[in-house]
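K.L.:
Next up, input.txt (compact mmCIF, C-alpha atoms and all ligand atoms).
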```txt
# COMPACT_ATOMS: atom_id res chain seq x y z
CA MET M 78 -85.70 -45.22 -45.54
CA ARG M 79 -86.87 -41.68 -46.25
CA GLY M 80 -90.25 -43.06 -47.26
CA LEU M 81 -90.56 -45.21 -44.15
CA VAL M 82 -89.88 -42.35 -41.77
CA ARG M 83 -91.78 -39.59 -43.56
CA GLU M 84 -94.21 -37.99 -41.10
CA THR M 85 -96.44 -36.04 -43.47
CA ARG M 86 -97.89 -36.91 -46.85
CA LEU M 87 -99.96 -34.91 -49.23
CA GLY M 88 -102.57 -36.90 -51.10
CA VAL M 89 -105.29 -36.17 -53.58
CA ASP M 90 -107.87 -36.66 -50.81
CA ASP M 91 -106.50 -33.59 -49.07
CA LEU M 92 -107.32 -31.19 -51.88
CA ILE M 93 -110.26 -28.95 -52.74
CA TRP M 94 -110.02 -27.11 -56.07
CA PRO M 95 -111.44 -23.57 -56.24
CA LEU M 96 -112.87 -22.68 -59.67
CA PHE M 97 -114.23 -19.42 -61.09
CA VAL M 98 -117.27 -19.22 -63.37
CA HIS M 99 -118.58 -16.35 -65.44
CA GLU M 100 -121.59 -15.79 -67.70
CA LEU M 101 -119.58 -15.79 -70.93
CA ASP M 102 -118.72 -18.78 -73.05
CA GLY M 103 -115.07 -19.70 -73.07
CA ASP M 104 -112.26 -18.88 -70.72
CA VAL M 105 -110.64 -15.61 -69.69
CA GLU M 106 -107.39 -16.00 -67.81
CA VAL M 107 -107.17 -14.06 -64.55
CA SER M 108 -104.17 -11.85 -65.25
CA SER M 109 -102.88 -11.93 -61.68
CA MET M 110 -103.30 -15.74 -61.43
CA PRO M 111 -101.36 -17.49 -64.22
CA GLY M 112 -103.03 -20.76 -65.13
CA VAL M 113 -106.35 -19.80 -63.54
CA ALA M 114 -109.30 -18.72 -65.67
CA ARG M 115 -112.84 -17.57 -65.29
CA MET M 116 -114.80 -20.18 -67.15
CA GLY M 117 -118.15 -20.61 -68.80
CA ILE M 118 -120.23 -23.50 -67.51
CA ASP M 119 -119.17 -25.81 -70.39
CA SER M 120 -115.57 -25.19 -69.63
CA LEU M 121 -116.21 -25.62 -65.90
CA LEU M 122 -117.59 -29.07 -66.67
CA ARG M 123 -114.48 -29.93 -68.69
CA SER M 124 -112.32 -28.85 -65.75
CA CYS M 125 -114.36 -30.99 -63.38
CA GLU M 126 -113.96 -33.91 -65.73
CA ARG M 127 -110.20 -33.49 -65.65
CA GLY M 128 -110.28 -33.13 -61.88
CA VAL M 129 -112.34 -36.27 -61.43
CA ALA M 130 -110.03 -38.17 -63.80
CA ALA M 131 -107.08 -37.11 -61.64
CA GLY M 132 -108.90 -38.30 -58.52
CA LEU M 133 -109.97 -34.96 -57.05
CA ARG M 134 -112.98 -35.29 -54.79
CA ALA M 135 -114.05 -31.71 -54.23
CA VAL M 136 -114.35 -28.37 -55.98
CA ALA M 137 -115.35 -24.95 -54.66
CA ILE M 138 -117.23 -22.78 -57.15
CA PHE M 139 -116.95 -18.97 -57.14
CA PRO M 140 -119.02 -16.81 -59.49
CA SER M 141 -117.84 -13.69 -61.26
CA ILE M 142 -120.97 -11.60 -61.74
CA GLU M 143 -121.27 -8.88 -64.37
CA ALA M 144 -121.27 -5.38 -62.91
CA GLY M 145 -124.71 -4.63 -64.34
CA LEU M 146 -126.28 -7.45 -62.32
CA LYS M 147 -124.94 -6.27 -58.97
CA ASP M 148 -126.71 -3.97 -56.55
CA ALA M 149 -126.13 -2.68 -53.03
CA GLU M 150 -128.18 -5.52 -51.52
CA GLY M 151 -126.67 -8.32 -53.61
CA THR M 152 -130.22 -9.31 -54.58
CA LEU M 153 -129.07 -11.84 -57.15
CA ALA M 154 -127.48 -13.97 -54.41
CA LEU M 155 -130.97 -15.12 -53.40
CA ARG M 156 -132.17 -16.20 -56.82
CA ASP M 157 -131.97 -19.85 -57.63
CA ASP M 158 -131.32 -19.15 -61.30
CA ASN M 159 -128.16 -17.17 -60.53
CA LEU M 160 -124.82 -18.17 -61.99
CA VAL M 161 -123.51 -20.11 -59.04
CA CYS M 162 -126.74 -22.14 -58.70
CA ARG M 163 -126.76 -22.94 -62.42
CA ALA M 164 -123.12 -23.98 -62.24
CA VAL M 165 -123.75 -26.23 -59.23
CA ARG M 166 -126.73 -27.88 -60.92
CA ALA M 167 -124.69 -28.53 -64.05
CA VAL M 168 -121.75 -30.00 -62.12
CA LYS M 169 -123.88 -32.19 -59.87
CA ALA M 170 -125.90 -33.49 -62.85
CA ARG M 171 -122.72 -34.65 -64.59
CA PHE M 172 -120.59 -35.58 -61.57
CA PRO M 173 -122.95 -36.57 -58.74
CA ASP M 174 -120.06 -37.89 -56.63
CA LEU M 175 -117.91 -34.79 -56.90
CA LEU M 176 -118.31 -32.78 -53.71
CA VAL M 177 -119.35 -29.20 -54.44
CA VAL M 178 -118.59 -26.38 -52.04
CA THR M 179 -120.15 -22.92 -52.46
CA ASP M 180 -119.31 -19.65 -50.77
CA VAL M 181 -121.96 -17.97 -48.69
CA ALA M 182 -121.15 -14.25 -48.75
CA LEU M 183 -122.53 -11.36 -50.75
CA ASP M 184 -119.28 -9.97 -52.19
CA PRO M 185 -119.64 -11.36 -55.73
CA PHE M 186 -123.13 -9.85 -55.89
CA THR M 187 -122.82 -6.44 -54.21
CA SER M 188 -121.97 -3.30 -56.15
CA HIS M 189 -119.74 -2.15 -53.26
CA GLY M 190 -117.94 -5.52 -53.05
CA HIS M 191 -118.60 -6.10 -49.38
CA ASP M 192 -119.58 -9.48 -47.98
CA GLY M 193 -122.78 -8.14 -46.46
CA LEU M 194 -125.36 -5.37 -46.40
CA LEU M 195 -124.16 -1.93 -45.35
CA ASN M 196 -125.82 0.01 -42.54
CA ALA M 197 -127.95 3.07 -43.34
CA ALA M 198 -124.99 5.44 -43.02
CA GLY M 199 -122.87 3.21 -45.27
CA THR M 200 -120.13 3.18 -42.65
CA ASP M 201 -120.08 -0.51 -41.81
CA VAL M 202 -121.57 -3.86 -42.63
CA ASP M 203 -124.79 -4.56 -40.74
CA ASN M 204 -124.35 -7.92 -39.01
CA ASP M 205 -127.88 -9.06 -38.29
CA SER M 206 -129.63 -8.13 -41.52
CA THR M 207 -126.71 -9.71 -43.38
CA VAL M 208 -127.14 -12.98 -41.48
CA GLU M 209 -130.77 -13.16 -42.62
CA VAL M 210 -129.78 -12.77 -46.27
CA LEU M 211 -126.98 -15.33 -45.88
CA CYS M 212 -129.52 -17.90 -44.65
CA GLY M 213 -131.50 -17.36 -47.85
CA GLN M 214 -128.34 -17.60 -49.94
CA ALA M 215 -127.32 -20.88 -48.25
CA LEU M 216 -130.79 -22.29 -48.94
CA VAL M 217 -130.80 -21.52 -52.68
CA GLN M 218 -127.35 -23.08 -52.95
CA ALA M 219 -128.41 -26.22 -51.04
CA ARG M 220 -131.48 -26.51 -53.27
CA ALA M 221 -129.24 -26.29 -56.33
CA GLY M 222 -127.30 -29.28 -54.97
CA SER M 223 -124.36 -27.77 -53.15
CA ASP M 224 -123.00 -30.36 -50.70
CA VAL M 225 -121.12 -27.93 -48.49
CA VAL M 226 -122.01 -24.30 -47.90
CA ALA M 227 -119.08 -22.19 -46.80
CA PRO M 228 -119.94 -18.91 -45.09
CA SER M 229 -116.96 -16.66 -45.79
CA ASP M 230 -118.51 -13.41 -44.64
CA MET M 231 -117.35 -13.33 -40.98
CA MET M 232 -120.67 -12.14 -39.57
CA ASP M 233 -121.34 -13.22 -35.99
CA GLY M 234 -123.98 -15.87 -35.41
CA ARG M 235 -124.30 -16.88 -39.04
CA VAL M 236 -123.30 -20.53 -38.68
CA GLY M 237 -126.09 -21.30 -36.19
CA ALA M 238 -128.62 -19.35 -38.22
CA ILE M 239 -127.61 -21.08 -41.47
CA ARG M 240 -127.75 -24.51 -39.79
CA GLU M 241 -131.28 -23.78 -38.61
CA ALA M 242 -132.36 -22.48 -42.02
CA LEU M 243 -130.90 -25.54 -43.79
CA ASP M 244 -132.53 -27.97 -41.37
CA GLY M 245 -135.85 -26.11 -41.64
CA GLY M 246 -135.65 -26.38 -45.42
CA GLY M 247 -135.06 -30.14 -45.35
CA HIS M 248 -131.33 -29.87 -46.02
CA GLU M 249 -130.09 -31.63 -42.89
CA GLY M 250 -127.44 -33.35 -45.00
CA THR M 251 -125.84 -30.17 -46.28
CA ALA M 252 -122.59 -29.54 -44.44
CA ILE M 253 -121.22 -26.21 -43.27
CA MET M 254 -117.58 -25.35 -43.78
CA ALA M 255 -117.13 -22.15 -41.81
CA TYR M 256 -114.50 -19.62 -42.77
CA SER M 257 -114.11 -19.17 -39.02
CA VAL M 258 -110.66 -17.67 -39.00
CA LYS M 259 -110.38 -15.27 -41.86
CA TYR M 260 -107.74 -12.59 -41.63
CA ALA M 261 -107.97 -9.19 -43.28
CA SER M 262 -105.24 -10.13 -45.72
CA ALA M 263 -103.41 -8.57 -48.64
CA PHE M 264 -103.12 -12.09 -50.06
CA TYR M 265 -106.73 -12.00 -51.35
CA GLY M 266 -105.82 -9.39 -53.96
CA PRO M 267 -105.77 -11.65 -57.05
CA PHE M 268 -109.05 -13.32 -56.01
CA ARG M 269 -110.76 -9.96 -55.96
CA ASP M 270 -109.49 -9.44 -59.53
CA ALA M 271 -110.90 -12.84 -60.43
CA VAL M 272 -114.42 -12.23 -59.13
CA GLY M 273 -114.41 -8.46 -59.52
CA SER M 274 -115.08 -7.72 -55.86
CA LYS M 275 -112.44 -5.03 -55.38
CA VAL M 276 -113.50 -2.65 -52.65
CA GLY M 277 -112.97 0.97 -53.70
CA LYS M 278 -110.09 2.89 -52.14
CA ASP M 279 -112.35 5.41 -50.45
CA ALA M 280 -114.83 2.81 -49.25
CA ILE M 281 -114.71 1.22 -45.80
CA GLY M 282 -112.21 -1.60 -45.61
CA LYS M 283 -112.93 -5.23 -44.88
CA ALA M 284 -110.81 -5.04 -41.74
CA GLY M 285 -113.99 -4.17 -39.82
CA TYR M 286 -115.19 -7.75 -40.05
CA GLN M 287 -112.10 -9.73 -41.03
CA MET M 288 -109.50 -10.57 -38.39
CA ASP M 289 -106.40 -8.68 -37.36
CA PRO M 290 -103.32 -10.65 -38.53
CA ALA M 291 -101.80 -9.99 -35.12
CA ASN M 292 -104.30 -12.19 -33.25
CA VAL M 293 -104.27 -15.89 -32.39
CA ARG M 294 -106.46 -16.11 -29.28
CA GLU M 295 -109.22 -14.46 -31.25
CA ALA M 296 -108.86 -17.19 -33.87
CA LEU M 297 -109.43 -19.84 -31.24
CA ARG M 298 -112.49 -17.96 -29.99
CA GLU M 299 -113.95 -17.65 -33.50
CA ALA M 300 -113.33 -21.33 -34.20
CA ALA M 301 -114.93 -22.39 -30.90
CA LEU M 302 -117.99 -20.23 -31.54
CA ASP M 303 -118.54 -21.67 -35.02
CA GLU M 304 -117.98 -25.21 -33.79
CA GLY M 305 -120.54 -24.60 -31.06
CA GLU M 306 -123.02 -23.29 -33.62
CA GLY M 307 -122.74 -26.49 -35.66
CA ALA M 308 -119.92 -25.99 -38.16
CA ASP M 309 -118.85 -29.34 -39.63
CA ILE M 310 -115.48 -28.03 -40.79
CA ILE M 311 -113.54 -25.02 -39.54
CA MET M 312 -111.38 -23.06 -41.95
CA VAL M 313 -108.28 -20.96 -41.48
CA LYS M 314 -107.44 -18.48 -44.25
CA PRO M 315 -104.90 -17.59 -45.59
CA ALA M 316 -102.87 -20.72 -44.87
CA GLY M 317 -99.13 -20.23 -45.47
CA PRO M 318 -98.55 -17.05 -43.47
CA TYR M 319 -100.73 -18.45 -40.63
CA LEU M 320 -99.34 -21.94 -40.03
CA ASP M 321 -99.14 -21.27 -36.31
CA VAL M 322 -102.85 -20.52 -36.35
CA VAL M 323 -103.61 -23.70 -38.34
CA ARG M 324 -101.65 -25.67 -35.76
CA GLU M 325 -103.44 -24.14 -32.77
CA VAL M 326 -106.91 -24.34 -34.28
CA ALA M 327 -106.33 -27.97 -35.27
CA ALA M 328 -105.23 -28.80 -31.74
CA ALA M 329 -108.26 -27.09 -30.20
CA SER M 330 -111.02 -28.23 -32.57
CA ALA M 331 -113.03 -31.42 -32.41
CA VAL M 332 -114.05 -31.00 -36.07
CA PRO M 333 -111.84 -31.22 -39.17
CA VAL M 334 -109.83 -28.17 -40.13
CA ALA M 335 -109.48 -26.80 -43.65
CA ALA M 336 -106.82 -24.30 -44.68
CA TYR M 337 -107.18 -22.06 -47.73
CA GLN M 338 -103.99 -21.42 -49.66
CA VAL M 339 -105.37 -18.21 -51.10
CA SER M 340 -104.89 -16.48 -54.42
CA GLY M 341 -101.90 -14.37 -53.35
CA GLU M 342 -100.05 -17.40 -52.00
CA TYR M 343 -100.56 -19.08 -55.36
CA SER M 344 -99.66 -16.05 -57.43
CA GLN M 345 -96.45 -15.25 -55.59
CA ILE M 346 -95.11 -18.72 -56.34
CA LYS M 347 -96.22 -18.47 -59.99
CA ALA M 348 -94.71 -15.00 -60.33
CA ALA M 349 -91.36 -16.00 -58.86
CA GLU M 350 -91.32 -19.06 -61.09
CA ARG M 351 -91.93 -16.88 -64.16
CA LEU M 352 -89.09 -14.63 -63.20
CA GLY M 353 -86.83 -17.63 -62.79
CA TRP M 354 -86.34 -16.81 -59.12
CA LEU M 355 -87.81 -19.98 -57.63
CA ASP M 356 -88.29 -23.59 -58.63
CA GLY M 357 -92.08 -23.27 -58.83
CA LEU M 358 -92.92 -26.95 -58.54
CA ARG M 359 -90.77 -27.50 -55.49
CA ALA M 360 -92.09 -24.32 -53.87
CA ARG M 361 -95.65 -25.47 -54.61
CA ASP M 362 -95.16 -28.90 -53.06
CA GLU M 363 -93.28 -27.55 -50.07
CA SER M 364 -95.94 -24.91 -49.40
CA LEU M 365 -98.71 -27.52 -49.45
CA LEU M 366 -96.79 -30.05 -47.36
CA ALA M 367 -96.15 -27.34 -44.76
CA ILE M 368 -99.87 -26.60 -44.50
CA LYS M 369 -100.60 -30.29 -44.01
CA ARG M 370 -97.78 -30.62 -41.47
CA ALA M 371 -99.23 -27.72 -39.50
CA GLY M 372 -102.38 -29.78 -38.99
CA ALA M 373 -104.80 -29.05 -41.83
CA ASP M 374 -107.06 -31.97 -42.69
CA MET M 375 -107.81 -30.51 -46.12
CA ILE M 376 -106.45 -27.69 -48.27
CA LEU M 377 -108.20 -25.43 -50.73
CA THR M 378 -105.62 -24.63 -53.38
CA TYR M 379 -105.47 -23.40 -56.96
CA PHE M 380 -102.68 -25.95 -57.43
CA ALA M 381 -105.13 -28.82 -56.81
CA LEU M 382 -105.40 -30.06 -60.39
CA GLU M 383 -101.70 -29.93 -61.23
CA VAL M 384 -100.81 -31.66 -57.97
CA ALA M 385 -103.52 -34.31 -58.43
CA GLU M 386 -102.37 -35.02 -61.99
CA GLU M 387 -98.78 -35.32 -60.86
CA LEU M 388 -99.73 -37.66 -58.01
CA ALA M 389 -101.77 -39.75 -60.46
CA ARG M 390 -98.75 -39.97 -62.79
CA ARG M 391 -96.60 -41.09 -59.90
CA GLY M 392 -99.20 -43.68 -58.95
CA GLY M 393 -100.98 -42.07 -56.04
CA GLY M 394 -98.06 -40.34 -54.30
C1 LIG J 1 -114.99 -13.58 -49.96
C2 LIG J 1 -113.92 -14.52 -50.26
C3 LIG J 1 -112.59 -14.13 -50.46
C4 LIG J 1 -111.88 -15.28 -50.77
C5 LIG J 1 -112.76 -16.37 -50.76
N1 LIG J 1 -114.04 -15.88 -50.42
C6 LIG J 1 -111.90 -12.82 -50.50
C7 LIG J 1 -112.30 -11.62 -49.81
O1 LIG J 1 -112.53 -11.60 -48.61
O2 LIG J 1 -112.34 -10.62 -50.52
C8 LIG J 1 -110.42 -15.24 -51.08
C9 LIG J 1 -109.81 -16.38 -51.67
C10 LIG J 1 -108.51 -16.13 -52.32
O3 LIG J 1 -107.87 -15.07 -52.17
O4 LIG J 1 -108.08 -17.04 -53.00
N2 LIG J 1 -116.23 -13.99 -49.70
```
What is this file in structure tokens?
P.N.:
Amino acid sequence: MRGLVRETRLGVDDLIWPLFVHELDGDVEVSSMPGVARMGIDSLLRSCERGVAAGLRAVAIFPSIEAGLKDAEGTLALRDDNLVCRAVRAVKARFPDLLVVTDVALDPFTSHGHDGLLNAAGTDVDNDSTVEVLCGQALVQARAGSDVVAPSDMMDGRVGAIREALDGGGHEGTAIMAYSVKYASAFYGPFRDAVGSKVGKDAIGKAGYQMDPANVREALREAALDEGEGADIIMVKPAGPYLDVVREVAAASAVPVAAYQVSGEYSQIKAAERLGWLDGLRARDESLLAIKRAGADMILTYFALEVAEELARRGGG
């Protein structure tokens, strides 16, 4: 009876698995994200193989760039031999049917850790010059074979500009998943450890271009703008603390909505589980089901592989 009347189900089709790559061979566990590692490309391929075997359809690849290769302009982001492009090429060559999502933002590549170029005074991110660079970054990623480019920078006007650049470059089929509603959140902390994009204490914060957690109407405005500029998928991030926002954006959008269960949401469950304070597996499943129930069509989550493998064991969930 429970099964017949269940209103929400989480399936493997709902999940996108974020993965971190680095230049080294082998894996280095991210200390603030138990079970998550920065991987060399070989190891990334082995992870994708496991994901595909468990039925996962999509991965999102994030590069961790060595400090010596970063500069204030994030120059490396525009080179098609950079780490993320090499990783995408390797994954698509082995797993052509696995959907690959790549982040369009400069933070892994800038020495200051910001998502864009700073203005001359270094007091803020410069919107318009950043948008130009992001278009170039989206193009090198599309050329490398990325199926979905995901601008996560929060600059205004970037979705339309990226759409135009992709179309102009013959990449009409490359989709845009816009991080439309991205809050200035403490829950990104472990991710910044993972990719080494910590913004210095004395530097300007990211709150200048990420959203105030207090606002919902602004979220609807951001989502509508990106949809109007041609976003194929709208994202809300973080997910768990913003289920009301997921619900409202899903109700207002004509395009599918993704929610990102971010690093801090993952790590707090893992940490409590380690301490013996929570049943980690139940908390994991409940947190993901809640995001789905709120209206997300897809979820980016570091739990993707373990959930997919468990669903596969249970015969599809
Ligand atoms: C930045 C980006 C961030 C995440 C994905 N892309 C973090 C940030 O704004 O510093 C966070 C994801 C997570 O916390 O899991 N381009």
K.L.:
With distances taken over all atoms listed in the file, which residue among M:Gly266, M:Gly128, M:Pro111, M:Gly237 lies nearest M:Glu209?
P.N.:
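Of the candidates, the smallest distance to M:Glu209 is held by M:Gly237.
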K.L.:
Using only C-alpha atoms, tabulate the residues of stretch 228-295 of chain M lying at most 6 Å from any atom of stretch 308-331 of chain M, each with its closest atom pair and that distance in Å to one decimal, by chain and increasing residue number, as CSV.
P.N.:
```
residue,atom,partner,partner_atom,distance
M:Ile253,CA,M:Ala308,CA,5.3
M:Met254,CA,M:Ile310,CA,4.5
M:Ala255,CA,M:Ile311,CA,5.1
M:Tyr256,CA,M:Met312,CA,4.7
M:Ser257,CA,M:Met312,CA,5.6
M:Val258,CA,M:Val313,CA,4.8
M:Lys259,CA,M:Lys314,CA,5.0
```
K.L.:
List every residue of chain M that has an atom at most 10 Å from any atom of ligand LIG 1 (chain J), and for each one report the closest atom pair and its distance in Å to one decimal, counting all atoms listed in the file, with rows sorted by chain and then by increasing residue number, as JSON lines.
P.N.:
```
{"residue": "M:Pro95", "atom": "CA", "partner": "J:LIG1", "partner_atom": "O4", "distance": 8.0}
{"residue": "M:Leu96", "atom": "CA", "partner": "J:LIG1", "partner_atom": "O4", "distance": 10.0}
{"residue": "M:Met110", "atom": "CA", "partner": "J:LIG1", "partner_atom": "O4", "distance": 9.8}
{"residue": "M:Ala137", "atom": "CA", "partner": "J:LIG1", "partner_atom": "C5", "distance": 9.8}
{"residue": "M:Phe139", "atom": "CA", "partner": "J:LIG1", "partner_atom": "N1", "distance": 7.9}
{"residue": "M:Thr179", "atom": "CA", "partner": "J:LIG1", "partner_atom": "N1", "distance": 9.5}
{"residue": "M:Asp180", "atom": "CA", "partner": "J:LIG1", "partner_atom": "N1", "distance": 6.5}
{"residue": "M:Val181", "atom": "CA", "partner": "J:LIG1", "partner_atom": "N2", "distance": 7.0}
{"residue": "M:Ala182", "atom": "CA", "partner": "J:LIG1", "partner_atom": "N2", "distance": 5.0}
{"residue": "M:Leu183", "atom": "CA", "partner": "J:LIG1", "partner_atom": "N2", "distance": 6.9}
{"residue": "M:Asp184", "atom": "CA", "partner": "J:LIG1", "partner_atom": "N2", "distance": 5.6}
{"residue": "M:Pro185", "atom": "CA", "partner": "J:LIG1", "partner_atom": "N2", "distance": 7.4}
{"residue": "M:Gly190", "atom": "CA", "partner": "J:LIG1", "partner_atom": "O2", "distance": 8.0}
{"residue": "M:His191", "atom": "CA", "partner": "J:LIG1", "partner_atom": "O2", "distance": 7.8}
{"residue": "M:Asp192", "atom": "CA", "partner": "J:LIG1", "partner_atom": "N2", "distance": 5.9}
{"residue": "M:Gly193", "atom": "CA", "partner": "J:LIG1", "partner_atom": "N2", "distance": 9.4}
{"residue": "M:Ala227", "atom": "CA", "partner": "J:LIG1", "partner_atom": "N1", "distance": 8.8}
{"residue": "M:Pro228", "atom": "CA", "partner": "J:LIG1", "partner_atom": "N2", "distance": 7.7}
{"residue": "M:Ser229", "atom": "CA", "partner": "J:LIG1", "partner_atom": "N2", "distance": 4.8}
{"residue": "M:Asp230", "atom": "CA", "partner": "J:LIG1", "partner_atom": "N2", "distance": 5.6}
{"residue": "M:Met231", "atom": "CA", "partner": "J:LIG1", "partner_atom": "N2", "distance": 8.8}
{"residue": "M:Tyr256", "atom": "CA", "partner": "J:LIG1", "partner_atom": "N1", "distance": 8.5}
{"residue": "M:Lys259", "atom": "CA", "partner": "J:LIG1", "partner_atom": "O1", "distance": 8.0}
{"residue": "M:Tyr260", "atom": "CA", "partner": "J:LIG1", "partner_atom": "O1", "distance": 8.5}
{"residue": "M:Ala261", "atom": "CA", "partner": "J:LIG1", "partner_atom": "O1", "distance": 7.4}
{"residue": "M:Ser262", "atom": "CA", "partner": "J:LIG1", "partner_atom": "O1", "distance": 8.0}
{"residue": "M:Ala263", "atom": "CA", "partner": "J:LIG1", "partner_atom": "O3", "distance": 8.6}
{"residue": "M:Phe264", "atom": "CA", "partner": "J:LIG1", "partner_atom": "O3", "distance": 6.0}
{"residue": "M:Tyr265", "atom": "CA", "partner": "J:LIG1", "partner_atom": "O3", "distance": 3.4}
{"residue": "M:Gly266", "atom": "CA", "partner": "J:LIG1", "partner_atom": "O3", "distance": 6.3}
{"residue": "M:Pro267", "atom": "CA", "partner": "J:LIG1", "partner_atom": "O3", "distance": 6.3}
{"residue": "M:Phe268", "atom": "CA", "partner": "J:LIG1", "partner_atom": "O3", "distance": 4.4}
{"residue": "M:Arg269", "atom": "CA", "partner": "J:LIG1", "partner_atom": "O2", "distance": 5.7}
{"residue": "M:Asp270", "atom": "CA", "partner": "J:LIG1", "partner_atom": "O3", "distance": 9.4}
{"residue": "M:Ala271", "atom": "CA", "partner": "J:LIG1", "partner_atom": "O4", "distance": 9.0}
{"residue": "M:Val272", "atom": "CA", "partner": "J:LIG1", "partner_atom": "O2", "distance": 9.0}
{"residue": "M:Gly273", "atom": "CA", "partner": "J:LIG1", "partner_atom": "O2", "distance": 9.5}
{"residue": "M:Ser274", "atom": "CA", "partner": "J:LIG1", "partner_atom": "O2", "distance": 6.7}
{"residue": "M:Lys275", "atom": "CA", "partner": "J:LIG1", "partner_atom": "O2", "distance": 7.4}
{"residue": "M:Val276", "atom": "CA", "partner": "J:LIG1", "partner_atom": "O2", "distance": 8.3}
{"residue": "M:Lys283", "atom": "CA", "partner": "J:LIG1", "partner_atom": "O1", "distance": 7.4}
{"residue": "M:Ala284", "atom": "CA", "partner": "J:LIG1", "partner_atom": "O1", "distance": 9.7}
{"residue": "M:Tyr286", "atom": "CA", "partner": "J:LIG1", "partner_atom": "O1", "distance": 9.8}
{"residue": "M:Gln287", "atom": "CA", "partner": "J:LIG1", "partner_atom": "O1", "distance": 7.8}
{"residue": "M:Lys314", "atom": "CA", "partner": "J:LIG1", "partner_atom": "C9", "distance": 8.1}
{"residue": "M:Pro315", "atom": "CA", "partner": "J:LIG1", "partner_atom": "O3", "distance": 7.6}
{"residue": "M:Tyr337", "atom": "CA", "partner": "J:LIG1", "partner_atom": "O4", "distance": 7.3}
{"residue": "M:Gln338", "atom": "CA", "partner": "J:LIG1", "partner_atom": "O4", "distance": 6.9}
{"residue": "M:Val339", "atom": "CA", "partner": "J:LIG1", "partner_atom": "O4", "distance": 3.5}
{"residue": "M:Ser340", "atom": "CA", "partner": "J:LIG1", "partner_atom": "O4", "distance": 3.5}
{"residue": "M:Gly341", "atom": "CA", "partner": "J:LIG1", "partner_atom": "O3", "distance": 6.1}
{"residue": "M:Glu342", "atom": "CA", "partner": "J:LIG1", "partner_atom": "O4", "distance": 8.1}
{"residue": "M:Tyr343", "atom": "CA", "partner": "J:LIG1", "partner_atom": "O4", "distance": 8.1}
{"residue": "M:Ser344", "atom": "CA", "partner": "J:LIG1", "partner_atom": "O4", "distance": 9.6}
{"residue": "M:Leu377", "atom": "CA", "partner": "J:LIG1", "partner_atom": "O4", "distance": 8.7}
{"residue": "M:Thr378", "atom": "CA", "partner": "J:LIG1", "partner_atom": "O4", "distance": 8.0}
{"residue": "M:Tyr379", "atom": "CA", "partner": "J:LIG1", "partner_atom": "O4", "distance": 7.9}
```
K.L.:
What does the distance between atom CA of M:Ser141 and atom CA of M:Lys169 come to in Å, to one decimal place?
P.N.:
19.5 Å
K.L.:
M:Asp148, M:Glu295, M:Asp91, M:Asp233: which is nearest M:Met375, counting only C-alpha atoms?
P.N.:
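Among the listed residues, the smallest separation from M:Met375 belongs to M:Asp91.
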K.L.:
What is the distance, in Å and to one decimal place, between atom CA of M:Glu383 and atom CA of M:Phe97?
P.N.:
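Computing the Euclidean distance for atom CA of M:Glu383 and atom CA of M:Phe97 yields 16.4 Å.
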K.L.:
Within 12 Å of (-105.7, -40.8, -58.6), in the coordinates the file gives, what residues turn up when you count all atoms listed in the file, written out as JSON, numbers by chain?
P.N.:
{"M": [88, 89, 90, 91, 92, 127, 128, 129, 130, 131, 132, 133, 134, 382, 383, 384, 385, 386, 387, 388, 389, 390, 391, 392, 393, 394]}
K.L.:
Pick from M:Ala301, M:Met232, M:Ile93, M:Ile346: nearest to M:Asn204, with only C-alpha atoms counted?
P.N.:
M:Met232
K.L.:
For atom CA of M:Val168 and atom CA of M:Val113, determine how far apart the two atoms are, in Å to one decimal place.
P.N.:
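Atom CA of M:Val168 sits 18.5 Å away from atom CA of M:Val113.
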K.L.:
Identify which of the residues M:Glu150, M:Glu100, M:Glu306, M:Glu299 lies closest to M:Arg163, counting only C-alpha atoms when measuring atom-to-atom distances.
P.N.:
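Once distances to M:Arg163 are computed over only C-alpha atoms, the minimum belongs to M:Glu100.
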K.L.:
Measuring atom to atom with only C-alpha atoms, identify which of M:Arg361, M:Lys369, M:Lys347, M:Arg220 is nearest to M:Ser108.
P.N.:
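Ranked by minimum distance to M:Ser108, first place goes to M:Lys347.
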K.L.:
Could you put an axis-aligned box around every listed atom of stretch 371-384 of chain M, padded by 6 Å on each side, and send me its centre and edge lengths in Å to one decimal, as AutoDock Vina command-line options?
P.N.:
```
--center_x -103.7 --center_y -27.7 --center_z -50.1 --size_x 21.0 --size_y 20.6 --size_z 34.2
```
K.L.:
Restricting the calculation to all atoms listed in the file: of M:Ala144, M:Val293, M:Cys125, M:Cys162, which residue gets closest to M:Leu175?
P.N.:
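Looking only at the distances to M:Leu175, the closest residue turns out to be M:Cys125.
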